[in-house]
>>> print(open('my_file.pdb').read())   # PDB, C-alpha atoms
ATOM      1  CA  ALA H   1     -16.812   0.995  13.811
ATOM      2  CA  THR H   2     -16.103   1.472  10.148
ATOM      3  CA  ASN H   3     -18.891   2.174   7.725
ATOM      4  CA  MET H   4     -18.245  -0.722   5.337
ATOM      5  CA  ALA H   5     -20.462  -1.273   2.349
ATOM      6  CA  GLU H   6     -20.164  -2.760  -1.093
ATOM      7  CA  CYS H   7     -19.914  -0.092  -3.740
ATOM      8  CA  GLN H   8     -20.420  -0.703  -7.448
ATOM      9  CA  ASP H   9     -17.369   0.600  -9.309
ATOM     10  CA  ASP H  10     -18.388   2.734 -12.272
ATOM     11  CA  ASN H  11     -15.178   1.784 -14.086
ATOM     12  CA  ALA H  12     -15.263  -1.981 -13.453
ATOM     13  CA  SER H  13     -17.892  -4.673 -13.393
ATOM     14  CA  GLN H  14     -17.006  -5.800  -9.873
ATOM     15  CA  ASN H  15     -18.163  -4.829  -6.418
ATOM     16  CA  ARG H  16     -15.604  -3.619  -3.936
ATOM     17  CA  LEU H  17     -15.507  -2.805  -0.259
ATOM     18  CA  TYR H  18     -15.762   0.916   0.500
ATOM     19  CA  ASP H  19     -15.500   2.989   3.687
ATOM     20  CA  SER H  20     -16.976   6.472   3.280
ATOM     21  CA  LYS H  21     -14.779   7.841   6.119
ATOM     22  CA  CYS H  22     -11.530   6.510   4.594
ATOM     23  CA  ILE H  23      -9.420   9.139   2.792
ATOM     24  CA  PHE H  24      -8.050   6.523   0.368
ATOM     25  CA  CYS H  25     -11.568   5.324  -0.504
ATOM     26  CA  GLN H  26     -12.501   8.973  -1.072
ATOM     27  CA  ILE H  27      -9.510   9.449  -3.406
ATOM     28  CA  VAL H  28     -10.449   6.278  -5.308
ATOM     29  CA  GLU H  29     -14.009   7.604  -5.743
ATOM     30  CA  GLY H  30     -12.795  11.072  -6.820
ATOM     31  CA  LYS H  31     -14.282  12.665  -3.676
ATOM     32  CA  ALA H  32     -10.867  13.766  -2.356
ATOM     33  CA  GLU H  33      -7.746  14.926  -4.155
ATOM     34  CA  GLY H  34      -4.651  12.879  -4.701
ATOM     35  CA  GLU H  35      -1.963  13.167  -7.363
ATOM     36  CA  LEU H  36      -2.594  10.017  -9.406
ATOM     37  CA  LEU H  37       0.460   8.478 -11.035
ATOM     38  CA  TYR H  38      -1.263   5.186 -11.836
ATOM     39  CA  ASN H  39      -4.882   4.096 -12.150
ATOM     40  CA  ASP H  40      -6.339   0.788 -13.334
ATOM     41  CA  ASP H  41      -9.451  -1.240 -12.476
ATOM     42  CA  GLU H  42      -8.051  -2.440  -9.140
ATOM     43  CA  TYR H  43      -5.279  -0.062  -7.961
ATOM     44  CA  ILE H  44      -4.172   3.536  -7.842
ATOM     45  CA  CYS H  45      -0.809   5.084  -7.061
ATOM     46  CA  ILE H  46      -0.488   8.518  -5.475
ATOM     47  CA  ARG H  47       2.355  10.604  -4.080
ATOM     48  CA  ASP H  48       2.604  10.421  -0.301
ATOM     49  CA  ILE H  49       1.491  13.792   1.112
ATOM     50  CA  LYS H  50       4.222  13.523   3.783
ATOM     51  CA  PRO H  51       7.112  12.091   1.759
ATOM     52  CA  HIS H  52      10.091  10.502   3.503
ATOM     53  CA  ALA H  53      12.104  10.308   0.267
ATOM     54  CA  PRO H  54      12.281  12.420  -2.911
ATOM     55  CA  HIS H  55      10.133   9.733  -4.564
ATOM     56  CA  HIS H  56       7.582   8.373  -2.064
ATOM     57  CA  TYR H  57       4.512   6.752  -3.559
ATOM     58  CA  LEU H  58       1.583   4.776  -2.188
ATOM     59  CA  ILE H  59       0.049   1.919  -4.140
ATOM     60  CA  ILE H  60      -3.523   1.464  -2.941
ATOM     61  CA  PRO H  61      -6.118  -1.179  -3.818
ATOM     62  CA  LYS H  62      -9.457   0.343  -4.786
ATOM     63  CA  SER H  63     -11.212  -2.164  -2.530
ATOM     64  CA  HIS H  64     -11.022  -1.274   1.172
ATOM     65  CA  HIS H  65      -8.852  -3.672   3.206
ATOM     66  CA  LEU H  66      -7.564  -2.591   6.632
ATOM     67  CA  ASN H  67      -3.980  -3.864   6.374
ATOM     68  CA  VAL H  68      -1.774  -6.866   5.589
ATOM     69  CA  LYS H  69      -2.622  -8.539   8.890
ATOM     70  CA  TYR H  70      -6.263  -8.934   7.799
ATOM     71  CA  LEU H  71      -5.479 -10.462   4.408
ATOM     72  CA  THR H  72      -5.503 -14.192   3.660
ATOM     73  CA  SER H  73      -3.574 -16.455   1.306
ATOM     74  CA  GLU H  74      -6.182 -15.585  -1.340
ATOM     75  CA  HIS H  75      -4.709 -12.056  -1.395
ATOM     76  CA  CYS H  76      -1.171 -13.100  -2.420
ATOM     77  CA  SER H  77      -1.771 -11.894  -5.976
ATOM     78  CA  MET H  78      -2.824  -8.475  -4.589
ATOM     79  CA  VAL H  79       0.421  -8.116  -2.619
ATOM     80  CA  THR H  80       2.438  -9.240  -5.655
ATOM     81  CA  ARG H  81       0.645  -6.798  -7.961
ATOM     82  CA  MET H  82       1.091  -3.873  -5.556
ATOM     83  CA  ALA H  83       4.841  -4.572  -5.426
ATOM     84  CA  GLU H  84       4.987  -4.789  -9.238
ATOM     85  CA  ILE H  85       3.226  -1.426  -9.577
ATOM     86  CA  GLY H  86       5.610   0.117  -7.023
ATOM     87  CA  ARG H  87       8.657  -1.065  -8.983
ATOM     88  CA  GLN H  88       7.051   0.095 -12.240
ATOM     89  CA  ILE H  89       6.364   3.603 -10.902
ATOM     90  CA  LEU H  90       9.906   4.019  -9.527
ATOM     91  CA  THR H  91      11.353   2.753 -12.828
ATOM     92  CA  GLU H  92       9.205   5.255 -14.751
ATOM     93  CA  GLN H  93      10.565   7.986 -12.456
ATOM     94  CA  ASN H  94      14.145   6.890 -13.352
ATOM     95  CA  CYS H  95      14.855   5.707  -9.812
ATOM     96  CA  ASP H  96      17.547   3.156  -8.981
ATOM     97  CA  LEU H  97      15.657   0.127  -7.660
ATOM     98  CA  ASN H  98      18.797  -0.900  -5.734
ATOM     99  CA  ASP H  99      18.494   2.370  -3.763
ATOM    100  CA  SER H 100      14.774   1.970  -3.090
ATOM    101  CA  ARG H 101      12.611   0.608  -0.320
ATOM    102  CA  PHE H 102       9.274  -1.187  -0.603
ATOM    103  CA  GLY H 103       6.810  -2.395   1.981
ATOM    104  CA  PHE H 104       3.734  -2.294   4.181
ATOM    105  CA  HIS H 105       3.538  -0.905   7.708
ATOM    106  CA  TRP H 106       2.504  -3.504  10.260
ATOM    107  CA  PRO H 107      -0.344  -2.462  12.593
ATOM    108  CA  PRO H 108      -0.569  -0.387  14.682
ATOM    109  CA  PHE H 109       2.124   1.579  12.818
ATOM    110  CA  GLN H 110      -0.134   2.629   9.969
ATOM    111  CA  SER H 111      -1.410   6.185   9.546
ATOM    112  CA  VAL H 112      -4.418   5.293   7.350
ATOM    113  CA  GLU H 113      -6.445   2.138   7.962
ATOM    114  CA  HIS H 114      -6.635   1.164   4.305
ATOM    115  CA  LEU H 115      -4.077  -1.237   2.891
ATOM    116  CA  HIS H 116      -1.303   0.659   1.111
ATOM    117  CA  PHE H 117       2.162  -0.178  -0.162
ATOM    118  CA  HIS H 118       5.095   2.226   0.094
ATOM    119  CA  ALA H 119       7.584   2.623  -2.774
ATOM    120  CA  MET H 120      10.422   5.044  -1.896
ATOM    121  CA  SER H 121      13.634   6.179  -3.533
ATOM    122  CA  PRO H 122      16.429   7.010  -3.128
ATOM    123  CA  VAL H 123      16.997   5.522   0.319
ATOM    124  CA  SER H 124      20.432   7.190   0.351
ATOM    125  CA  ARG H 125      18.699  10.593   0.563
ATOM    126  CA  MET H 126      16.294   9.640   3.361
ATOM    127  CA  SER H 127      16.850  11.037   6.867
ATOM    128  CA  PHE H 128      18.063   8.771   9.662
ATOM    129  CA  ILE H 129      14.587   8.821  11.265
ATOM    130  CA  SER H 130      12.876   8.006   7.951
ATOM    131  CA  LYS H 131      15.249   5.085   7.434
ATOM    132  CA  LEU H 132      14.233   3.785  10.880
ATOM    133  CA  ILE H 133      10.500   4.221  10.245
ATOM    134  CA  PHE H 134      10.750   2.634   6.806
ATOM    135  CA  ARG H 135      13.369  -0.045   7.431
ATOM    136  CA  ASN H 136      12.893  -3.487   5.926
ATOM    137  CA  GLU H 137      11.903  -5.031   9.239
ATOM    138  CA  TRP H 138       9.238  -4.385  11.838
ATOM    139  CA  PRO H 139       7.297  -2.009  11.860
ATOM    140  CA  MET H 140       7.505  -2.175   8.055
ATOM    141  CA  VAL H 141       7.397  -5.483   6.220
ATOM    142  CA  THR H 142       8.664  -6.270   2.745
ATOM    143  CA  PRO H 143       6.345  -7.725   0.117
ATOM    144  CA  GLU H 144       8.319 -10.992   0.368
ATOM    145  CA  TRP H 145       7.725 -11.131   4.137
ATOM    146  CA  ALA H 146       4.021 -10.338   3.643
ATOM    147  CA  LEU H 147       3.675 -13.110   1.049
ATOM    148  CA  ASN H 148       5.355 -15.634   3.327
ATOM    149  CA  TYR H 149       3.090 -14.547   6.198
ATOM    150  CA  LEU H 150      -0.041 -14.953   4.053
ATOM    151  CA  ARG H 151       1.012 -18.358   2.713
ATOM    152  CA  THR H 152       1.663 -19.742   6.212
ATOM    153  CA  LYS H 153      -1.135 -17.949   8.075
ATOM    154  CA  PRO H 154      -3.775 -20.268   9.558
ATOM    155  CA  SER H 155      -7.111 -19.832   7.806
ATOM    156  CA  LYS H 156      -8.914 -19.229  11.134
ATOM    157  CA  TYR H 157      -7.780 -18.159  14.588
TER     158      TYR H 157
END
>>> encode(input="my_file.pdb", output="structure tokens")
Amino acid sequence: ATNMAECQDDNASQNRLYDSKCIFCQIVEGKAEGELLYNDDEYICIRDIKPHAPHHYLIIPKSHHLNVKYLTSEHCSMVTRMAEIGRQILTEQNCDLNDSRFGFHWPPFQSVEHLHFHAMSPVSRMSFISKLIFRNEWPMVTPEWALNYLRTKPSKY
């Protein structure tokens, strides 16, 4: 069972979900190291510690959410914003967005149980195995696929 609690954000006037055992929550709180490339009231971007491309970044919401599967249609703006930040970071790194890959891993193919969005470039320099792991189909889903899923997902099971 996860240790979920609401945590008052010192930098924002909103409460957010926090899991003290989650490495991404620890990075958000400054209790673990991560190379921050982006930081605002709701999201951070860090370099992936096990990169599959020369530029491999993770866009992470500061509020703890397990993964895309647990989101609802109310989270569409979150998915959209994470994709925007991913494109922004790759653009700032002078990456060709046409040779980039973006997406979320679909459970159970997720190494950290905290929602995170992959932005990678250039795909042309990724290994064959990395291209399989991070292809734009299952087990990784594009932001467009995730948005469609959230918009059509029943509100209750």
>>> closest_residue(input="my_file.pdb", among="H:Lys153, H:His64, H:Arg47, H:Lys21", to="H:Glu33", atoms="only C-alpha atoms")
H:Arg47
>>> closest_residue(input="my_file.pdb", among="H:His105, H:His55, H:Arg151, H:Lys69", to="H:Ser121", atoms="only C-alpha atoms")
H:His55
>>> residues_around(input="my_file.pdb", residues="stretch 75-82 of chain H", least_positions_apart="3", cutoff="6 Å", atoms="only C-alpha atoms", output="number ranges by chain")
H: 72, 85, 147
>>> residues_around(input="my_file.pdb", residues="H:His52", least_positions_apart="3", cutoff="7 Å", atoms="all atoms listed in the file", output="NGL selection string")
:H and (56 or 126 or 130)
>>> residues_around(input="my_file.pdb", residues="H:Leu36", least_positions_apart="5", cutoff="12 Å", atoms="all atoms listed in the file", output="PyMOL selection string")
chain H and resi 24+27-28+30+43-49+57-60+89
